[in-house]
Structures are given as structure tokens and as C-alpha cells.
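S.K.: Supplied structure: entry13.cif, mmCIF, C-alpha atoms and all ligand atoms.
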data_final
loop_
_atom_site.label_atom_id
_atom_site.label_comp_id
_atom_site.auth_asym_id
_atom_site.auth_seq_id
_atom_site.Cartn_x
_atom_site.Cartn_y
_atom_site.Cartn_z
CA MET D 43 128.91 107.22 78.33
CA LYS D 44 127.27 110.55 79.00
CA TYR D 45 128.52 113.17 81.41
CA TYR D 46 126.29 115.29 83.64
CA SER D 47 127.01 118.54 85.42
CA THR D 48 127.33 118.68 89.22
CA ASN D 49 125.16 121.82 89.09
CA GLY D 50 122.36 119.87 87.41
CA GLN D 51 121.35 122.71 85.07
CA ALA D 52 123.22 121.72 81.91
CA PRO D 53 122.35 119.12 79.26
CA LEU D 54 124.12 115.75 79.30
CA ALA D 55 127.35 115.86 77.29
CA SER D 56 129.26 113.37 75.19
CA LEU D 57 132.85 112.59 76.17
CA GLU D 58 134.06 114.78 73.30
CA LYS D 59 131.98 117.73 74.44
CA ALA D 60 132.93 117.29 78.11
CA VAL D 61 136.63 117.20 77.22
CA ILE D 62 136.56 120.14 74.83
CA ARG D 63 134.34 122.31 77.06
CA GLY D 64 136.04 121.43 80.35
CA LEU D 65 133.32 123.10 82.41
CA ALA D 66 129.58 122.61 81.78
CA GLU D 67 127.34 125.49 80.64
CA ASP D 68 126.05 125.95 84.21
CA ARG D 69 129.68 126.16 85.45
CA GLY D 70 129.35 122.76 87.13
CA LEU D 71 131.88 119.93 86.77
CA TYR D 72 131.22 116.98 84.52
CA MET D 73 130.75 113.53 86.09
CA PRO D 74 130.28 110.19 84.34
CA GLU D 75 126.60 109.29 84.33
CA ARG D 76 127.33 105.91 85.86
CA ILE D 77 130.43 104.35 87.34
CA PRO D 78 130.98 100.85 85.94
CA VAL D 79 131.88 98.10 88.41
CA LEU D 80 134.61 95.75 87.20
CA PRO D 81 134.09 91.98 87.52
CA GLU D 82 135.26 90.02 90.54
CA GLU D 83 137.74 87.99 88.49
CA PHE D 84 139.60 91.16 87.45
CA TYR D 85 140.36 91.83 91.11
CA GLN D 86 141.28 88.20 91.70
CA ASN D 87 143.91 88.27 88.94
CA ILE D 88 145.01 91.89 89.08
CA GLN D 89 148.35 91.07 90.76
CA THR D 90 149.39 89.16 87.63
CA MET D 91 148.73 92.07 85.27
CA THR D 92 151.03 94.86 84.07
CA PHE D 93 150.24 98.57 84.61
CA GLN D 94 149.26 98.90 80.94
CA GLU D 95 147.01 95.83 81.00
CA ILE D 96 145.28 97.07 84.14
CA ALA D 97 144.87 100.56 82.70
CA CYS D 98 143.43 99.21 79.43
CA THR D 99 140.78 97.27 81.37
CA VAL D 100 139.83 100.35 83.40
CA ALA D 101 139.87 102.57 80.30
CA ASP D 102 137.61 100.11 78.42
CA ALA D 103 135.06 100.38 81.23
CA LEU D 104 135.17 104.19 81.34
CA PHE D 105 135.73 105.16 77.70
CA GLY D 106 135.02 101.98 75.71
CA GLU D 107 131.66 103.21 74.40
CA ASP D 108 133.23 106.37 73.01
CA ILE D 109 136.61 105.36 71.59
CA PRO D 110 137.30 102.25 69.48
CA ALA D 111 139.19 99.67 71.57
CA GLU D 112 142.31 99.61 69.41
CA GLU D 113 142.68 103.40 69.47
CA LEU D 114 141.93 103.54 73.20
CA HIS D 115 144.60 100.96 73.96
CA ARG D 116 147.07 102.91 71.84
CA ILE D 117 146.23 106.07 73.82
CA VAL D 118 146.75 104.21 77.12
CA GLU D 119 150.02 102.66 75.99
CA GLU D 120 151.42 105.97 74.74
CA THR D 121 150.34 107.66 77.99
CA LEU D 122 151.91 105.07 80.30
CA SER D 123 155.43 104.80 78.96
CA PHE D 124 156.75 104.73 82.53
CA ASP D 125 155.99 102.72 85.67
CA CYS D 126 154.59 103.73 89.06
CA PRO D 127 156.26 101.34 91.50
CA VAL D 128 155.24 100.75 95.09
CA VAL D 129 158.28 101.09 97.33
CA PRO D 130 157.88 99.58 100.81
CA VAL D 131 158.64 102.24 103.44
CA THR D 132 157.64 100.68 106.76
CA ARG D 133 156.20 97.23 107.39
CA SER D 134 152.70 98.53 106.73
CA ILE D 135 153.21 101.56 104.45
CA GLY D 136 154.02 101.34 100.74
CA ALA D 137 154.80 104.51 98.77
CA LEU D 138 153.15 104.55 95.35
CA GLU D 139 155.58 106.68 93.38
CA LEU D 140 153.53 108.68 90.92
CA PHE D 141 156.45 110.79 89.74
CA HIS D 142 158.25 108.76 87.09
CA GLY D 143 156.75 110.64 84.13
CA PRO D 144 158.57 113.22 82.00
CA THR D 145 158.14 116.18 84.40
CA LEU D 146 158.37 114.03 87.55
CA ALA D 147 154.85 114.92 88.73
CA PHE D 148 151.73 112.75 88.82
CA LYS D 149 149.93 115.23 86.56
CA ASP D 150 151.85 113.79 83.60
CA VAL D 151 149.42 110.87 83.19
CA GLY D 152 146.30 113.05 83.01
CA ALA D 153 147.97 115.57 80.72
CA ARG D 154 149.31 112.93 78.32
CA PHE D 155 146.01 111.09 78.20
CA MET D 156 144.04 114.28 77.56
CA ALA D 157 146.42 115.33 74.77
CA ARG D 158 145.92 112.01 72.98
CA LEU D 159 142.14 112.10 73.43
CA LEU D 160 142.09 115.56 71.85
CA ARG D 161 144.23 114.28 68.98
CA HIS D 162 141.65 111.52 68.45
CA PHE D 163 138.78 114.02 68.48
CA THR D 164 140.48 116.42 66.04
CA GLN D 165 141.13 113.53 63.66
CA HIS D 166 137.54 112.31 63.76
CA SER D 167 135.32 115.31 64.40
CA GLY D 168 135.21 116.77 60.89
CA ASP D 169 136.26 120.14 62.36
CA PRO D 170 139.72 120.68 60.91
CA ARG D 171 140.55 123.67 63.12
CA THR D 172 143.44 123.51 65.57
CA ILE D 173 142.47 123.16 69.24
CA HIS D 174 144.12 125.82 71.37
CA VAL D 175 144.71 124.85 74.99
CA LEU D 176 145.08 127.77 77.40
CA VAL D 177 146.62 127.00 80.76
CA ALA D 178 147.52 129.34 83.62
CA THR D 179 150.14 127.91 85.93
CA SER D 180 152.02 128.57 89.11
CA GLY D 181 154.48 125.83 88.12
CA ASP D 182 153.58 122.13 88.04
CA THR D 183 150.45 122.14 85.88
CA GLY D 184 152.12 124.13 83.10
CA SER D 185 155.06 121.77 82.89
CA ALA D 186 152.93 118.61 82.89
CA VAL D 187 150.48 119.98 80.31
CA ALA D 188 153.20 121.41 78.04
CA ASN D 189 155.18 118.17 78.06
CA GLY D 190 152.07 116.02 77.76
CA PHE D 191 150.92 117.89 74.64
CA LEU D 192 154.35 118.30 73.06
CA GLY D 193 154.30 117.29 69.40
CA VAL D 194 150.62 116.26 69.45
CA GLU D 195 149.12 117.11 66.06
CA GLY D 196 146.15 119.43 65.84
CA VAL D 197 146.69 120.95 69.28
CA CYS D 198 148.60 124.07 70.36
CA VAL D 199 149.29 124.91 74.00
CA HIS D 200 149.67 128.41 75.43
CA VAL D 201 151.07 128.45 78.96
CA LEU D 202 150.60 131.67 80.95
CA TYR D 203 152.90 132.00 83.93
CA PRO D 204 153.78 134.81 86.32
CA LYS D 205 157.14 136.39 85.54
CA GLY D 206 159.76 135.64 88.20
CA LYS D 207 157.36 133.60 90.33
CA VAL D 208 157.96 130.01 89.23
CA SER D 209 161.09 128.03 90.09
CA PRO D 210 163.87 128.06 87.45
CA ILE D 211 163.49 124.35 86.78
CA GLN D 212 159.72 124.60 86.33
CA GLU D 213 160.17 127.57 84.01
CA CYS D 214 162.58 125.53 81.86
CA GLN D 215 160.09 122.67 81.73
CA PHE D 216 157.68 124.73 79.62
CA THR D 217 159.76 127.52 78.03
CA THR D 218 162.39 125.38 76.30
CA LEU D 219 160.15 122.97 74.38
CA GLY D 220 159.22 124.88 71.20
CA GLN D 221 157.07 123.08 68.59
CA ASN D 222 153.38 123.43 69.50
CA ILE D 223 154.09 124.92 72.95
CA THR D 224 154.25 128.68 73.57
CA ALA D 225 155.05 130.19 76.96
CA LEU D 226 153.58 133.59 77.79
CA GLU D 227 155.46 135.37 80.54
CA VAL D 228 152.92 137.59 82.26
CA ASP D 229 154.02 140.69 84.12
CA GLY D 230 151.80 139.90 87.11
CA CYS D 231 150.91 137.16 89.59
CA PHE D 232 149.26 133.74 89.14
CA ASP D 233 145.80 135.21 89.69
CA ASP D 234 146.42 137.66 86.82
CA CYS D 235 147.30 134.71 84.56
CA GLN D 236 144.13 132.90 85.56
CA ALA D 237 142.05 136.04 85.03
CA LEU D 238 143.45 136.41 81.48
CA VAL D 239 142.50 132.82 80.65
CA LYS D 240 139.01 133.28 82.10
CA SER D 241 138.49 136.48 80.11
CA ALA D 242 139.44 134.68 76.92
CA PHE D 243 136.90 131.90 77.58
CA MET D 244 134.18 134.49 78.16
CA ASP D 245 135.05 136.47 75.01
CA ALA D 246 132.41 135.36 72.49
CA GLU D 247 134.24 136.96 69.60
CA LEU D 248 137.23 134.70 70.26
CA THR D 249 135.41 131.51 71.20
CA GLU D 250 133.31 131.64 68.04
CA ARG D 251 136.38 131.86 65.83
CA LEU D 252 138.91 129.70 67.72
CA ARG D 253 138.52 126.26 69.31
CA LEU D 254 139.65 127.05 72.84
CA THR D 255 139.91 124.61 75.72
CA SER D 256 141.49 124.45 79.15
CA ALA D 257 143.59 121.69 80.68
CA ASN D 258 143.24 122.07 84.43
CA SER D 259 142.12 119.27 86.75
CA ILE D 260 138.43 120.05 86.33
CA ASN D 261 138.69 118.35 82.93
CA VAL D 262 137.40 114.75 83.00
CA ALA D 263 140.15 113.74 80.58
CA ARG D 264 142.74 114.66 83.18
CA LEU D 265 140.81 113.41 86.18
CA LEU D 266 139.63 109.92 85.19
CA PRO D 267 142.96 108.44 83.96
CA GLN D 268 144.40 109.10 87.40
CA SER D 269 142.24 106.24 88.65
CA PHE D 270 144.65 103.86 86.81
CA TYR D 271 147.20 104.54 89.55
CA TYR D 272 145.04 103.08 92.29
CA PHE D 273 144.36 99.77 90.58
CA HIS D 274 148.06 99.37 89.86
CA GLY D 275 148.95 100.38 93.42
CA TYR D 276 146.48 97.85 94.79
CA ALA D 277 147.92 95.10 92.57
CA GLN D 278 151.41 95.76 93.92
CA MET D 279 150.25 95.89 97.54
CA LYS D 280 148.51 92.59 96.96
CA ARG D 281 151.79 91.09 95.75
CA LEU D 282 153.40 92.33 98.95
CA GLY D 283 150.61 90.68 100.97
CA LEU D 284 149.46 94.11 102.18
CA ALA D 285 146.11 94.57 100.47
CA GLY D 286 143.81 92.89 103.02
CA GLN D 287 142.67 96.07 104.76
CA LEU D 288 143.97 98.75 102.51
CA VAL D 289 143.98 102.46 103.42
CA VAL D 290 144.63 104.79 100.49
CA CYS D 291 146.24 108.09 101.43
CA VAL D 292 146.34 110.98 98.92
CA PRO D 293 148.15 114.30 99.49
CA SER D 294 145.50 116.71 98.23
CA GLY D 295 145.18 120.24 96.88
CA ASN D 296 142.37 120.55 94.36
CA PHE D 297 141.28 116.99 95.26
CA GLY D 298 141.38 115.67 91.69
CA ASN D 299 143.66 112.80 92.61
CA LEU D 300 141.61 111.80 95.65
CA CYS D 301 138.48 111.99 93.53
CA ALA D 302 140.08 109.55 91.06
CA ALA D 303 140.85 107.21 93.97
CA LEU D 304 137.23 107.38 95.15
CA ILE D 305 136.03 106.56 91.64
CA ALA D 306 138.36 103.53 91.61
CA GLY D 307 136.69 102.49 94.87
CA ARG D 308 133.26 102.80 93.25
CA MET D 309 134.50 100.60 90.43
CA GLY D 310 134.95 97.89 93.03
CA LEU D 311 138.58 98.34 94.06
CA PRO D 312 138.77 96.81 97.55
CA VAL D 313 139.81 99.82 99.64
CA LYS D 314 138.82 99.94 103.32
CA ARG D 315 139.06 103.71 103.72
CA PHE D 316 140.60 106.85 102.23
CA VAL D 317 142.68 109.60 103.80
CA ALA D 318 142.88 113.14 102.42
CA ALA D 319 146.22 114.52 103.56
CA ASN D 320 146.48 118.30 103.64
CA ASN D 321 149.18 120.82 104.44
CA ALA D 322 148.19 123.85 106.53
CA ASN D 323 145.40 124.60 104.04
CA GLN D 324 142.73 122.75 105.97
CA VAL D 325 139.41 123.63 104.40
CA PHE D 326 138.53 119.98 103.74
CA PHE D 327 139.70 118.85 107.18
CA ASP D 328 137.44 121.46 108.75
CA TYR D 329 134.56 120.30 106.59
CA LEU D 330 134.97 116.76 107.93
CA GLN D 331 134.90 118.05 111.51
CA THR D 332 131.96 120.45 111.14
CA GLY D 333 129.94 119.51 108.06
CA LYS D 334 130.36 123.08 106.81
CA TYR D 335 132.41 123.91 103.74
CA THR D 336 134.06 127.31 104.09
CA PRO D 337 136.54 128.26 101.34
CA ARG D 338 139.39 130.51 102.40
CA PRO D 339 142.33 132.24 100.71
CA SER D 340 145.24 129.80 100.45
CA ILE D 341 148.34 130.10 102.60
CA PRO D 342 151.81 129.42 101.18
CA THR D 343 153.50 126.25 102.49
CA LEU D 344 156.49 124.04 101.64
CA ALA D 345 154.11 121.64 99.86
CA ASN D 346 153.07 124.40 97.46
CA ALA D 347 151.21 122.28 94.88
CA MET D 348 148.64 121.75 97.64
CA ASP D 349 148.20 125.42 98.56
CA VAL D 350 144.53 125.56 97.67
CA GLY D 351 141.85 127.33 99.71
CA ASP D 352 138.82 126.33 97.62
CA PRO D 353 139.44 122.90 96.11
CA SER D 354 137.80 122.73 92.70
CA ASN D 355 136.94 119.01 92.88
CA PHE D 356 135.07 119.29 96.17
CA ALA D 357 131.83 119.49 94.16
CA ARG D 358 132.58 116.07 92.66
CA ILE D 359 133.21 114.43 96.04
CA PHE D 360 130.03 115.98 97.36
CA GLU D 361 128.19 114.57 94.38
CA LEU D 362 129.66 111.06 94.78
CA TYR D 363 128.16 110.88 98.28
CA GLY D 364 124.80 112.43 97.51
CA ARG D 365 125.80 115.55 99.50
CA ASP D 366 125.71 113.48 102.67
CA TRP D 367 128.33 114.65 105.16
CA GLN D 368 128.07 111.53 107.29
CA ALA D 369 128.55 109.27 104.29
CA ILE D 370 131.67 111.25 103.35
CA CYS D 371 133.02 110.96 106.89
CA GLY D 372 132.34 107.22 106.79
CA ASP D 373 134.78 106.74 103.90
CA ILE D 374 137.26 109.59 104.15
CA SER D 375 139.26 110.99 107.02
CA GLY D 376 141.56 114.00 106.94
CA SER D 377 144.80 115.27 108.36
CA VAL D 378 146.70 118.55 108.53
CA CYS D 379 150.47 118.91 108.44
CA ASP D 380 152.24 122.24 108.96
CA ASP D 381 155.68 123.19 107.59
CA THR D 382 157.54 122.35 110.80
CA ARG D 383 156.11 118.87 110.75
CA ILE D 384 156.83 118.44 107.02
CA LEU D 385 160.52 119.10 107.69
CA ALA D 386 160.58 116.85 110.76
CA LEU D 387 158.96 113.93 108.91
CA ILE D 388 161.24 114.16 105.86
CA LYS D 389 164.17 113.95 108.25
CA GLN D 390 162.72 111.15 110.38
CA CYS D 391 161.58 108.99 107.48
CA ARG D 392 164.98 109.26 105.80
CA ALA D 393 166.86 108.48 109.03
CA GLN D 394 164.63 105.65 110.22
CA TYR D 395 163.57 103.97 106.98
CA GLY D 396 165.99 105.28 104.35
CA TYR D 397 163.13 106.62 102.24
CA LEU D 398 163.28 110.21 100.97
CA LEU D 399 159.90 111.94 100.96
CA ASP D 400 159.10 115.18 99.13
CA PRO D 401 157.11 117.82 101.07
CA HIS D 402 153.77 116.63 99.62
CA GLY D 403 154.47 112.99 100.38
CA ALA D 404 155.49 114.05 103.88
CA CYS D 405 151.96 115.36 104.50
CA GLY D 406 150.67 111.95 103.42
CA PHE D 407 153.18 110.09 105.60
CA ASP D 408 152.02 112.19 108.55
CA ALA D 409 148.45 111.06 107.93
CA VAL D 410 149.19 107.32 108.16
CA TYR D 411 152.35 106.96 110.23
CA HIS D 412 151.30 105.52 113.61
CA ARG D 413 147.70 106.18 112.61
CA LEU D 414 146.74 102.80 111.14
CA GLY D 415 144.37 100.41 112.87
CA ARG D 416 145.21 96.79 113.64
CA GLY D 417 145.65 94.78 110.43
CA GLU D 418 145.55 97.86 108.20
CA SER D 419 148.21 98.81 105.68
CA ALA D 420 148.54 102.02 103.70
CA LEU D 421 149.14 102.85 100.08
CA LEU D 422 150.68 106.30 100.32
CA CYS D 423 150.82 108.39 97.15
CA GLU D 424 154.17 110.07 96.65
CA THR D 425 153.12 112.82 94.24
CA ALA D 426 156.44 114.49 93.36
CA HIS D 427 160.10 113.57 93.10
CA PRO D 428 162.08 114.94 96.08
CA ALA D 429 164.61 116.55 93.71
CA LYS D 430 161.90 118.94 92.55
CA PHE D 431 161.93 120.35 96.07
CA LYS D 432 165.66 120.04 96.53
CA ASP D 433 166.14 123.02 98.84
CA THR D 434 163.42 121.97 101.28
CA VAL D 435 164.48 118.34 101.32
CA GLU D 436 168.15 119.24 101.86
CA ARG D 437 167.19 121.67 104.59
CA ALA D 438 165.27 118.88 106.33
CA THR D 439 167.88 116.13 106.08
CA GLY D 440 171.18 117.99 105.70
CA ILE D 441 172.01 115.51 102.89
CA PRO D 442 172.49 116.62 99.25
CA VAL D 443 169.79 115.42 96.82
CA ASP D 444 170.76 114.05 93.41
CA VAL D 445 168.90 115.64 90.53
CA PRO D 446 167.84 112.99 87.98
CA THR D 447 169.36 113.55 84.54
CA ARG D 448 165.87 113.88 83.06
CA LEU D 449 165.15 116.87 85.28
CA ALA D 450 168.59 118.40 84.81
CA ALA D 451 168.20 118.04 81.02
CA PHE D 452 165.45 120.66 80.99
CA MET D 453 167.98 123.20 82.25
CA GLN D 454 170.07 122.75 79.08
CA GLY D 455 167.48 124.12 76.65
CA THR D 456 167.11 127.73 75.52
CA LYS D 457 164.35 129.67 77.20
CA GLN D 458 161.81 131.20 74.82
CA SER D 459 158.81 133.17 75.97
CA VAL D 460 156.46 135.90 74.80
CA PRO D 461 156.37 138.72 77.36
CA ILE D 462 152.91 140.22 77.89
CA SER D 463 151.34 142.56 80.42
CA LYS D 464 148.34 141.60 82.56
CA ASP D 465 146.15 143.81 80.38
CA TYR D 466 143.59 141.62 78.57
CA ARG D 467 143.81 143.69 75.37
CA GLU D 468 147.39 142.56 74.82
CA PHE D 469 146.52 138.87 75.38
CA LYS D 470 143.54 139.22 73.06
CA GLU D 471 145.74 140.65 70.34
CA TYR D 472 148.05 137.67 70.72
CA LEU D 473 145.09 135.26 70.42
CA SER D 474 143.66 137.18 67.48
CA ASN D 475 146.68 136.26 65.42
CA LEU D 476 146.07 132.51 65.89
CA GLN D 477 144.29 130.32 63.40
C1 LIG V 501 148.93 118.79 91.90
C2 LIG V 501 149.69 118.20 93.03
C3 LIG V 501 149.06 117.78 94.23
C4 LIG V 501 147.59 117.97 94.48
O1 LIG V 501 146.79 117.17 93.67
P1 LIG V 501 145.22 117.45 93.55
O2 LIG V 501 144.73 116.49 92.54
O3 LIG V 501 145.10 118.88 93.10
O4 LIG V 501 144.63 117.26 94.90
C5 LIG V 501 149.83 117.17 95.20
N1 LIG V 501 151.17 117.02 95.05
C6 LIG V 501 151.81 117.43 93.94
C7 LIG V 501 153.28 117.27 93.86
C8 LIG V 501 151.10 118.03 92.89
O5 LIG V 501 151.76 118.45 91.80
#
Kindly present the structure from the file in C-alpha cells form.

M.R.:
Amino acid sequence: MKYYSTNGQAPLASLEKAVIRGLAEDRGLYMPERIPVLPEEFYQNIQTMTFQEIACTVADALFGEDIPAEELHRIVEETLSFDCPVVPVTRSIGALELFHGPTLAFKDVGARFMARLLRHFTQHSGDPRTIHVLVATSGDTGSAVANGFLGVEGVCVHVLYPKGKVSPIQECQFTTLGQNITALEVDGCFDDCQALVKSAFMDAELTERLRLTSANSINVARLLPQSFYYFHGYAQMKRLGLAGQLVVCVPSGNFGNLCAALIAGRMGLPVKRFVAANNANQVFFDYLQTGKYTPRPSIPTLANAMDVGDPSNFARIFELYGRDWQAICGDISGSVCDDTRILALIKQCRAQYGYLLDPHGACGFDAVYHRLGRGESALLCETAHPAKFKDTVERATGIPVDVPTRLAAFMQGTKQSVPISKDYREFKEYLSNLQ
């Protein structure tokens, strides 16, 4: 499979090149040249298959030309060492819990898959150099990437995070790991961290000597494996007798996860329509209303992993629909949920249905609760464990939230970080000492 750039000015790339480069030469995002449609009988039998079996079938279709089947299945099996159950919430809404991975966020699957793909490429490329992954984080991405890459041979991860601006638990999730993970504590804000990473990628002196790559959601290796979720979610809804007119609702920030859902739809997954649930950052919602895409600075909300004012995967969605606004509106609707409503819905859903939402899932619940048509049912993505947003959830419900042992365990480790300023020269000196 070849990958093309959404900007149309870069040469086609192999999977290896698309994964190692991240962004195409023309700064566009890579897209698979064609989206394979899976056979009818797969969908007829899907409810009898396990998550791993389903994911192997999807992975074969997407990556089978590029990775030998046995290795690909090993990558999938190592990636999916946990389940993503559908928990019925109301009679017509099932929550697809995407948060049972090591850092309790859905980004674990993409990060783990990408790490193992890179391991495969380092073992087979003939270039013996270590791959250095640079990632700037405001919290969740750093923890998922650091844990996903932990102990993977041939790859080192450098997480840049703003000093004092990530939650204590998130900080522990990437500063206590050791091995091939280094945390750089930047005396600055998230934008400073991102600027340092960008400067490094544009520094020819460095990029010629070191193999540098990034691991944010623009990378196809993080994006495409997220489509596994939707097939597995569909299979479970089918078992519940709720897949006849299925609405898939995705709480969205950079729109990588929704994009993966749309790709699953193109592969033939029987989904009636999609809903992009937003918090108060409503750039996409406004686009659906007006046909004009106007990026804006993000505003902080309780669902902070969705505080994005210029979603990076918008270009991919645009591309999937041939830049046709009406076609996009035909498949996708939007919703906006402010902080007051997030708190009210967490409380109401817990009281009425006994299900505890996190602030991101609450935005999704808002988008489908009492908003389904006759005969429709909704697969609602729950993107984070409520304990990760303990304070907000307790404030909403007045009930203490148990912290899973897995999450609490991160707090036991010893924090180790390299303090640096936001001055690029200091970061460059750090990178210059790497091999
Ligand atoms: C990253 C994240 C999102 C947003 O996902 P996108 O793919 O960027 O749209 C939503 N919820 C949680 C908890 C996240 O960590």
C-alpha cells in the first residue's frame, strides 16, 4: 500500500517512509492510497470473533502488503493485550470503553502499534541506527507514547512537557519509567515544548545525523489501528441486537479517532451515521453549520484532551469526502457541550443509569442522549477512565471515585526528568549527545 499526501505535492510514500516521516514533504498528512473493503461474510460473522481476530483481519487489509502476516499478527496481539468492552448504558446507548490499556486512555492502542511497527522497520531496514521519537505533551499523549514504547528495542523516546502544567498522575506516567524513555521538563508552556520539537525537525544538521520521528496523531501508524475499535464495537452491539441502525459517536479533539471511525465505515462497516462530539471548542461544529473552516485559539475546558482550536486531522476528513461540505454533512453531525453541561450529564447519567462518565465521554453522551431517531442505537466512545479526571467527576456526582490499582501504581515510582529551558540551544545540545 502506498500513502499519498493530502496536500498533493509530495511523492507517494511506502508505509515505512510514512511512519518514519510522520508528515509528508509538502507538510500534508499521509492517507492510504485506497481503502480496502472487507468481504460481506466478515460482517456476517463478526459477532463470533474476538477483538484480536477482528483486528488481525482489519490489519491484513490495511498493512498486509507491507508486513509479513505472521509478524503483523504478532504486532496486533502484543498491541491488544486488553479488551474494549461495550457496556450498555441506556436501552439504546452502549459505551465502548476505550480506556483499558496501560495508561487508561484510548491512545494506548495507536502508540503500542506504532512502537512495534518501528521495531519491525529497525530490524529489517538495514539502517542500524536508533530511532529517536520526540513528543511534546500536555499530558495524555506523552503517557500513552512513553508506555507504548517502553522497552521496545531500537527506539528511544524523549517526552517534552511543561514544568508544573501537567497533572501529578500524568507526570508520573512518563517520568518514572526509565529504560528507553527520557522525560524533559521544560521551563515553559506546552507551546514552547512543541516549538522545540518543531525546531529539531527543521534542523538539517540534526536530522542528517539522527533518525528522528514524531508520534503524534498525524502519524498513520497511530491513526489507522484505532479503526480496530469500531469493528469490535460493532460486533458487540450486534450481539446486543443493537447494530441495525448504528450511530457512532466520537468525542473529538484532533479528530484522529473520528477519522479512524470514518475509515472503518469506508471499509464496509455498517454504520448509519457518525457524530463528532465537541466540548466548547466548536470549530468543527461551526464548519458543519456554515461550510467554512475557521481555526481559532483553543479554550480550556473540563474535557481538556479535546481542547483543540485547529484539529490536525481535519485535512484527512476533508480528503475522504472530496472536499465536499454537503457530503460531509450527509454522514457526520456535530454537537457542542460546555462545562456546565458536562458536570450536569456526569451527575445525571450516574444517578439515572448507574454509569460513570468521564468529562470527554459526557460530551459524547450529550450528543446522543435523546437525540437518536426511531430505531437508531448509539455506540458511544468512552475515551478516558473517570478516575483520570477524579476531581471533576467527584465534583459532579459528590461520590468518591476509586482509582484503579494500575493508575495508582504509577504514583509509586521515582520521578526522573532532565530540566531544560525553552531555549533551543539547550535542547540541541541534549540531542547532540545522542547516538
Ligand atoms: C486524545 C483524546 C481525545 C481526542 O481524540 P482525537 O483523536 O484527538 O479527536 C478525546 N478524549 C480523550 C480522553 C483523549 O485522550

S.K.: Give the answer as one residue: which of D:Glu424, D:Asp68, D:Glu436, D:Glu361 has the shortest atom-to-atom distance to D:Asn49, using all atoms listed in the file?

M.R.: D:Asp68

S.K.: If you count all atoms listed in the file, which residues fall within 8 Å of stretch 207-220 of chain D, apart from same-chain ones fewer than 6 positions away, as number ranges by chain?

M.R.: D: 145, 180-182, 184-185, 188-189, 192, 201, 231, 449, 452-453, 455-459

S.K.: Rounded to one decimal, what separation in Å do you get between atom CA of D:Asn321 and atom CA of D:Asp150?

M.R.: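 Separation between atom CA of D:Asn321 and atom CA of D:Asp150: 22.2 Å.
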
S.K.: Write out as a tab-separated table a residue-level contact list of stretch 74-145 of chain D versus stretch 244-264 of chain D with cut-off 12 Å: for each qualifying residue the closest pair of atoms and the distance in Å to one decimal, counting all atoms listed in the file, rows sorted by chain and residue number upward.

M.R.:
residue	atom	partner	partner_atom	distance
D:Pro74	CA	D:Val262	CA	8.6
D:Ala101	CA	D:Ala263	CA	11.2
D:Leu104	CA	D:Ala263	CA	10.8
D:Phe105	CA	D:Ala263	CA	10.1
D:Ile117	CA	D:Ala263	CA	11.9
D:Thr121	CA	D:Arg264	CA	11.6

S.K.: Which is closest to D:Val128 among D:Leu266, D:Lys280, D:Val194, D:Val443, if we use only C-alpha atoms?

M.R.: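 Nearest to D:Val128: D:Lys280.
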
S.K.: Compile the contact shell of D:Leu311 as a list in words: residues with an atom at most 9 Å away, counting all atoms listed in the file, same-chain residues fewer than 2 positions apart removed.

M.R.: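 Contacts, with the query itself left out: Val79, Leu80, Tyr85, Tyr272, Phe273, Tyr276, Ile305, Ala306, Gly307, Arg308, Met309 and Val313 of chain D.
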
S.K.: What's the 8 Å shell around D:Val239, counting only C-alpha atoms, without same-chain residues fewer than 6 positions away, as a list in words?

M.R.: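 Within the cut-off, the hits are Leu176, Val177 and Ala178 of chain D.
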
S.K.: Write as a count of residues only the residues around ligand LIG 501 (chain V), taking 10 Å as the cut-off and counting only C-alpha atoms and all ligand atoms.

M.R.: 56

S.K.: Atom CA of D:Arg467 and atom CA of D:Leu238 are how many Å apart?

M.R.: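 That distance, rounded to one decimal, is 9.5 Å.
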
S.K.: Quick one: distance from atom CA of D:Gln89 to atom CA of D:Pro267 in Å, one decimal?

M.R.: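 Distance between the two atoms: 19.4 Å.
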
S.K.: So, with only C-alpha atoms as the atoms that count, which of D:Val325, D:Leu160, D:Pro342, D:Thr132 lies closest to D:Ile109?

M.R.: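 Nearest to D:Ile109: D:Leu160.
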
S.K.: For a cut-off of 7 Å around (140.5, 107.2, 69.1), file coordinates, pick out all residues using only C-alpha atoms and list them as a list of chain:residue names.

M.R.: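 Output: D:Ile109, D:Pro110, D:Glu113, D:Leu114, D:Leu159, D:His162.
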